[in-house]
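Asks: Data: query22.tsv, TSV, C-alpha atoms.
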```
chain	number	residue	atom	x	y	z
A	200	MET	CA	18.95	-38.62	-80.47
A	201	SER	CA	16.29	-36.48	-78.79
A	202	ASP	CA	14.65	-33.55	-80.57
A	203	ASN	CA	16.09	-31.46	-77.72
A	204	PRO	CA	19.49	-32.90	-76.84
A	205	ILE	CA	21.07	-31.63	-73.62
A	206	SER	CA	24.55	-31.36	-75.18
A	207	ARG	CA	26.27	-31.38	-78.54
A	208	PHE	CA	28.86	-33.74	-77.00
A	209	PRO	CA	28.31	-37.34	-75.88
A	210	VAL	CA	26.33	-37.73	-72.66
A	211	PRO	CA	27.24	-40.88	-70.73
A	212	GLU	CA	24.67	-43.26	-69.32
A	213	LEU	CA	24.33	-42.95	-65.56
A	214	ASN	CA	25.04	-46.66	-65.07
A	215	ASN	CA	28.37	-46.35	-66.95
A	216	LEU	CA	29.78	-43.61	-64.72
A	217	PRO	CA	32.41	-44.08	-61.99
A	218	GLU	CA	30.77	-44.88	-58.65
A	219	ASP	CA	31.63	-41.55	-56.97
A	220	ILE	CA	30.08	-39.55	-59.81
A	221	ARG	CA	27.03	-41.80	-60.07
A	222	SER	CA	26.48	-41.55	-56.29
A	223	ARG	CA	26.70	-37.75	-56.37
A	224	ILE	CA	24.23	-37.55	-59.25
A	225	LEU	CA	21.78	-39.93	-57.56
A	226	ALA	CA	21.98	-37.87	-54.34
A	227	ILE	CA	21.15	-34.71	-56.31
A	228	GLN	CA	18.28	-36.51	-58.02
A	229	LYS	CA	16.90	-37.66	-54.67
A	230	LYS	CA	17.09	-34.15	-53.23
A	231	SER	CA	15.70	-32.22	-56.21
A	232	GLY	CA	13.51	-34.82	-57.91
A	233	PHE	CA	15.47	-34.63	-61.18
A	234	VAL	CA	19.05	-34.67	-62.46
A	235	PRO	CA	20.23	-31.21	-63.49
A	236	ASN	CA	21.67	-31.55	-66.97
A	237	VAL	CA	24.99	-29.95	-65.96
A	238	PHE	CA	25.85	-33.13	-64.05
A	239	LEU	CA	25.19	-35.39	-67.02
A	240	VAL	CA	26.90	-33.15	-69.56
A	241	LEU	CA	30.07	-32.65	-67.51
A	242	ALA	CA	30.22	-36.37	-66.61
A	243	HIS	CA	31.53	-36.85	-70.16
A	244	ARG	CA	34.96	-36.05	-68.66
A	245	PRO	CA	35.04	-37.60	-65.14
A	246	ASP	CA	38.28	-35.98	-63.91
A	247	GLU	CA	37.10	-32.55	-65.00
A	248	PHE	CA	33.67	-33.23	-63.45
A	249	ARG	CA	35.31	-33.89	-60.10
A	250	ALA	CA	37.51	-30.78	-60.29
A	251	PHE	CA	34.63	-28.57	-61.44
A	252	PHE	CA	32.28	-29.60	-58.66
A	253	ALA	CA	34.99	-29.52	-55.99
A	254	TYR	CA	35.67	-25.87	-56.83
A	255	HIS	CA	31.93	-25.14	-57.18
A	256	ASP	CA	31.27	-26.53	-53.70
A	257	ALA	CA	34.27	-24.72	-52.21
A	258	LEU	CA	32.82	-21.41	-53.43
A	259	MET	CA	29.10	-21.89	-53.14
A	260	GLU	CA	28.60	-24.10	-50.07
A	261	LYS	CA	31.04	-22.69	-47.50
A	262	GLN	CA	30.47	-20.23	-44.68
A	263	SER	CA	31.08	-16.75	-46.01
A	264	GLY	CA	30.40	-13.07	-45.46
A	265	LEU	CA	28.11	-13.39	-48.49
A	266	THR	CA	24.72	-15.00	-48.16
A	267	LYS	CA	23.92	-17.97	-50.38
A	268	GLY	CA	21.40	-15.70	-52.09
A	269	GLU	CA	24.08	-13.07	-52.82
A	270	ARG	CA	26.31	-15.77	-54.31
A	271	GLU	CA	23.46	-16.78	-56.60
A	272	MET	CA	22.90	-13.11	-57.49
A	273	ILE	CA	26.49	-13.00	-58.77
A	274	VAL	CA	25.95	-16.13	-60.84
A	275	VAL	CA	22.69	-14.96	-62.41
A	276	THR	CA	23.96	-11.46	-63.18
A	277	THR	CA	27.25	-12.49	-64.77
A	278	SER	CA	25.64	-15.43	-66.57
A	279	GLY	CA	23.09	-13.09	-68.12
A	280	LEU	CA	25.86	-10.86	-69.43
A	281	ASN	CA	27.73	-13.93	-70.72
A	282	GLN	CA	24.52	-15.08	-72.44
A	283	CYS	CA	24.50	-18.43	-70.69
A	284	VAL	CA	20.94	-19.70	-70.82
A	285	TYR	CA	21.68	-22.79	-68.72
A	286	CYS	CA	23.17	-20.85	-65.80
A	287	VAL	CA	20.58	-18.06	-65.89
A	288	VAL	CA	17.71	-20.55	-65.83
A	289	SER	CA	19.14	-23.02	-63.31
A	290	HIS	CA	20.69	-20.51	-60.90
A	291	GLY	CA	17.71	-18.20	-61.37
A	292	ALA	CA	15.58	-21.02	-59.95
A	293	ILE	CA	17.94	-21.45	-57.01
A	294	LEU	CA	17.94	-17.68	-56.40
A	295	ARG	CA	14.12	-17.54	-56.45
A	296	ILE	CA	14.05	-20.22	-53.76
A	297	ARG	CA	16.88	-18.79	-51.63
A	298	GLU	CA	15.55	-15.23	-51.69
A	299	LYS	CA	11.84	-16.16	-51.83
A	300	ASN	CA	11.57	-13.64	-54.66
A	301	SER	CA	10.24	-14.69	-58.05
A	302	LEU	CA	11.12	-11.36	-59.74
A	303	LEU	CA	14.76	-10.86	-58.74
A	304	PRO	CA	16.44	-13.40	-61.07
A	305	ASP	CA	14.70	-12.00	-64.14
A	306	GLN	CA	15.67	-8.47	-63.12
A	307	LEU	CA	19.31	-9.45	-62.57
A	308	ALA	CA	19.62	-11.45	-65.77
A	309	THR	CA	18.32	-8.60	-67.91
A	310	ASN	CA	19.69	-5.48	-66.19
A	311	TYR	CA	21.02	-5.77	-62.65
A	312	ARG	CA	21.37	-1.98	-62.41
A	313	LYS	CA	17.57	-1.68	-62.35
A	314	ALA	CA	16.95	-4.66	-60.07
A	315	ASP	CA	15.41	-4.35	-56.64
A	316	ILE	CA	18.68	-4.72	-54.71
A	317	THR	CA	20.51	-2.74	-52.06
A	318	PRO	CA	23.21	-0.19	-52.96
A	319	ARG	CA	25.78	-2.55	-51.38
A	320	GLN	CA	24.60	-5.43	-53.57
A	321	LYS	CA	24.85	-3.20	-56.64
A	322	VAL	CA	28.49	-2.43	-55.80
A	323	MET	CA	29.05	-6.19	-55.31
A	324	LEU	CA	27.56	-6.91	-58.73
A	325	ASP	CA	29.46	-4.07	-60.40
A	326	PHE	CA	32.66	-5.70	-59.17
A	327	ALA	CA	31.54	-9.20	-60.18
A	328	VAL	CA	30.68	-7.97	-63.67
A	329	LYS	CA	34.05	-6.28	-64.00
A	330	VAL	CA	35.82	-9.52	-63.04
A	331	SER	CA	33.64	-11.50	-65.44
A	332	LEU	CA	33.96	-9.23	-68.45
A	333	HIS	CA	37.07	-7.06	-67.89
A	334	ALA	CA	39.22	-8.69	-65.19
A	335	TYR	CA	42.32	-7.02	-66.63
A	336	GLU	CA	40.87	-3.66	-65.53
A	337	VAL	CA	40.46	-4.58	-61.85
A	338	SER	CA	42.52	-2.15	-59.79
A	339	ASP	CA	43.35	-1.30	-56.20
A	340	SER	CA	40.66	1.38	-56.30
A	341	ASP	CA	38.05	-1.31	-57.03
A	342	ILE	CA	39.20	-3.25	-53.99
A	343	GLU	CA	39.12	-0.09	-51.86
A	344	GLU	CA	35.58	0.71	-53.01
A	345	MET	CA	34.51	-2.80	-52.01
A	346	ARG	CA	36.13	-2.38	-48.58
A	347	GLN	CA	34.33	0.95	-48.10
A	348	GLN	CA	31.06	-0.92	-48.68
A	349	GLY	CA	31.93	-3.24	-45.81
A	350	PHE	CA	33.21	-6.22	-47.78
A	351	SER	CA	36.12	-8.02	-46.15
A	352	VAL	CA	39.18	-9.13	-48.09
A	353	GLU	CA	37.76	-12.67	-48.03
A	354	ASP	CA	34.38	-11.45	-49.30
A	355	ILE	CA	36.09	-9.63	-52.17
A	356	TRP	CA	38.02	-12.78	-53.05
A	357	ASP	CA	34.77	-14.78	-52.95
A	358	ILE	CA	32.95	-12.33	-55.22
A	359	GLY	CA	35.81	-12.38	-57.72
A	360	ALA	CA	36.27	-16.15	-57.54
A	361	ILE	CA	32.56	-16.86	-58.01
A	362	SER	CA	32.46	-14.51	-60.97
A	363	ALA	CA	35.57	-16.07	-62.52
A	364	PHE	CA	34.42	-19.65	-61.89
A	365	PHE	CA	31.04	-19.04	-63.44
A	366	SER	CA	32.65	-17.34	-66.42
A	367	LEU	CA	34.27	-20.73	-67.01
A	368	SER	CA	30.96	-22.47	-66.38
A	369	ASN	CA	29.16	-20.11	-68.78
A	370	ARG	CA	31.68	-20.82	-71.50
A	371	MET	CA	31.44	-24.60	-71.00
A	372	ALA	CA	27.64	-24.45	-71.05
A	373	ASN	CA	27.74	-22.45	-74.28
A	374	LEU	CA	30.41	-24.73	-75.80
A	375	THR	CA	28.35	-27.83	-75.07
A	376	ASN	CA	25.04	-26.15	-75.91
A	377	MET	CA	23.83	-27.28	-72.49
A	378	ARG	CA	20.05	-27.28	-72.30
A	379	PRO	CA	18.37	-26.25	-69.03
A	380	ASN	CA	16.05	-28.83	-67.52
A	381	ASP	CA	12.40	-27.92	-68.00
A	382	GLU	CA	11.91	-28.31	-64.24
A	383	PHE	CA	14.08	-25.25	-63.53
A	384	TYR	CA	11.70	-22.85	-65.27
A	385	GLN	CA	8.97	-23.26	-62.66
A	386	LEU	CA	11.02	-23.74	-59.48
A	387	GLY	CA	10.45	-20.97	-56.97
A	388	ARG	CA	7.61	-19.42	-58.93
A	389	THR	CA	4.77	-21.13	-57.09
A	390	ALA	CA	3.74	-20.96	-53.45
A	391	LYS	CA	4.54	-24.68	-53.08
A	392	ASP	CA	8.26	-24.09	-53.69
```
Go ahead and render the structure in this file as structure tokens.
Replies:
Amino acid sequence: MSDNPISRFPVPELNNLPEDIRSRILAIQKKSGFVPNVFLVLAHRPDEFRAFFAYHDALMEKQSGLTKGEREMIVVTTSGLNQCVYCVVSHGAILRIREKNSLLPDQLATNYRKADITPRQKVMLDFAVKVSLHAYEVSDSDIEEMRQQGFSVEDIWDIGAISAFFSLSNRMANLTNMRPNDEFYQLGRTAKD
């Protein structure tokens, strides 16, 4: 066992995985230059891996009224509040690249209310945080406030669904003690990225 294991649960060997999962992981490796640990850790349970990433892709890769950067803002902000190191580090890297802003992820992960964001994005994150931490308090007035900020019904659903999905992700990462890849820490911090 490594001095820095990526999970407290068994991590399968890439060659022992079902073909569809192995192919997806190899495609990610080819694109990014490394295999994000989330893929290896969740591959421990292949059916759950498939379901997790199908929902992830449905939320994060589709056309939406939210930019891909705003979706990552939701992930980083709620993951910081849920104390999920893996998601803050990995999605912080993605956010730095998408927004071409090396400061924003650190601001959002520590205190989104003081981050350099628009008033509309702050309302978006207030709602995402409420869904993540106190979903039982979400009311019609919250939805109306979102609509007044110009968010469509579909945008509001997306914000809530991303927040809820990553609350699950945060809890799984904390359960497994998922370690962020070292590569994530530097992504988007240098001019080359």
Asks: Identify, on the basis of all atoms listed in the file, every residue whose closest approach to range 315-332 of chain A does not exceed 10 Å; exclude the query and any residue fewer than 2 positions from it along the same chain; express the result as a ChimeraX atom specification.
Replies: /A:265,269-270,272-274,276-278,280-281,302-303,306-307,311-313,334-337,341-342,344-345,347-350,354-355,357-367
Asks: Since we have the selection now, will you write its residues out, keeping C-alpha atoms, as a PDB file, in the frame of the given file?
Replies:
```
ATOM      1  CA  LEU A 265      28.110 -13.390 -48.490  1.00  0.00           C
ATOM      2  CA  GLU A 269      24.080 -13.070 -52.820  1.00  0.00           C
ATOM      3  CA  ARG A 270      26.310 -15.770 -54.310  1.00  0.00           C
ATOM      4  CA  MET A 272      22.900 -13.110 -57.490  1.00  0.00           C
ATOM      5  CA  ILE A 273      26.490 -13.000 -58.770  1.00  0.00           C
ATOM      6  CA  VAL A 274      25.950 -16.130 -60.840  1.00  0.00           C
ATOM      7  CA  THR A 276      23.960 -11.460 -63.180  1.00  0.00           C
ATOM      8  CA  THR A 277      27.250 -12.490 -64.770  1.00  0.00           C
ATOM      9  CA  SER A 278      25.640 -15.430 -66.570  1.00  0.00           C
ATOM     10  CA  LEU A 280      25.860 -10.860 -69.430  1.00  0.00           C
ATOM     11  CA  ASN A 281      27.730 -13.930 -70.720  1.00  0.00           C
ATOM     12  CA  LEU A 302      11.120 -11.360 -59.740  1.00  0.00           C
ATOM     13  CA  LEU A 303      14.760 -10.860 -58.740  1.00  0.00           C
ATOM     14  CA  GLN A 306      15.670  -8.470 -63.120  1.00  0.00           C
ATOM     15  CA  LEU A 307      19.310  -9.450 -62.570  1.00  0.00           C
ATOM     16  CA  TYR A 311      21.020  -5.770 -62.650  1.00  0.00           C
ATOM     17  CA  ARG A 312      21.370  -1.980 -62.410  1.00  0.00           C
ATOM     18  CA  LYS A 313      17.570  -1.680 -62.350  1.00  0.00           C
ATOM     19  CA  ALA A 334      39.220  -8.690 -65.190  1.00  0.00           C
ATOM     20  CA  TYR A 335      42.320  -7.020 -66.630  1.00  0.00           C
ATOM     21  CA  GLU A 336      40.870  -3.660 -65.530  1.00  0.00           C
ATOM     22  CA  VAL A 337      40.460  -4.580 -61.850  1.00  0.00           C
ATOM     23  CA  ASP A 341      38.050  -1.310 -57.030  1.00  0.00           C
ATOM     24  CA  ILE A 342      39.200  -3.250 -53.990  1.00  0.00           C
ATOM     25  CA  GLU A 344      35.580   0.710 -53.010  1.00  0.00           C
ATOM     26  CA  MET A 345      34.510  -2.800 -52.010  1.00  0.00           C
ATOM     27  CA  GLN A 347      34.330   0.950 -48.100  1.00  0.00           C
ATOM     28  CA  GLN A 348      31.060  -0.920 -48.680  1.00  0.00           C
ATOM     29  CA  GLY A 349      31.930  -3.240 -45.810  1.00  0.00           C
ATOM     30  CA  PHE A 350      33.210  -6.220 -47.780  1.00  0.00           C
ATOM     31  CA  ASP A 354      34.380 -11.450 -49.300  1.00  0.00           C
ATOM     32  CA  ILE A 355      36.090  -9.630 -52.170  1.00  0.00           C
ATOM     33  CA  ASP A 357      34.770 -14.780 -52.950  1.00  0.00           C
ATOM     34  CA  ILE A 358      32.950 -12.330 -55.220  1.00  0.00           C
ATOM     35  CA  GLY A 359      35.810 -12.380 -57.720  1.00  0.00           C
ATOM     36  CA  ALA A 360      36.270 -16.150 -57.540  1.00  0.00           C
ATOM     37  CA  ILE A 361      32.560 -16.860 -58.010  1.00  0.00           C
ATOM     38  CA  SER A 362      32.460 -14.510 -60.970  1.00  0.00           C
ATOM     39  CA  ALA A 363      35.570 -16.070 -62.520  1.00  0.00           C
ATOM     40  CA  PHE A 364      34.420 -19.650 -61.890  1.00  0.00           C
ATOM     41  CA  PHE A 365      31.040 -19.040 -63.440  1.00  0.00           C
ATOM     42  CA  SER A 366      32.650 -17.340 -66.420  1.00  0.00           C
ATOM     43  CA  LEU A 367      34.270 -20.730 -67.010  1.00  0.00           C
TER      44      LEU A 367
END
```
Asks: Report, in Å with one decimal, the straight-line distance from CA of Leu258 in chain A to CA of Arg370 in chain A.
Replies: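 About the pair CA of Leu258 in chain A and CA of Arg370 in chain A: they are 18.1 Å apart.
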Asks: Distance CA of Ser206 in chain A-CA of Cys286 in chain A, one decimal place?
Replies: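 CA of Cys286 in chain A lies at a distance of 14.2 Å from CA of Ser206 in chain A.
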Asks: Please report the interatomic distance between CA of Asp381 in chain A and CA of Leu294 in chain A in Å with one decimal.
Replies: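 Result for CA of Asp381 in chain A versus CA of Leu294 in chain A: 16.4 Å, one decimal.
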Asks: With a distance cut-off of 10 Å and all atoms listed in the file, select the neighbouring residues of range 213-229 of chain A, excluding the residue or stretch itself and same-chain residues fewer than 3 positions from it, and output the selection as a list in words.
Replies: Val210, Gly232, Phe233, Val234, Pro235, Phe238, Leu239, Ala242, His243, Arg244, Pro245, Asp246, Phe248 and Arg249 of chain A
Asks: Which residue, A:Arg388, A:Lys230, A:His255, A:Arg346, has the smallest gap to Gly291 in chain A when you use only C-alpha atoms?
Replies: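 Closest residue, counting only C-alpha atoms: A:Arg388.
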Asks: Which residue, A:Tyr285, A:Lys267, A:Lys299, A:Met371, has the smallest gap to Glu247 in chain A when you use all atoms listed in the file?
Replies: A:Met371
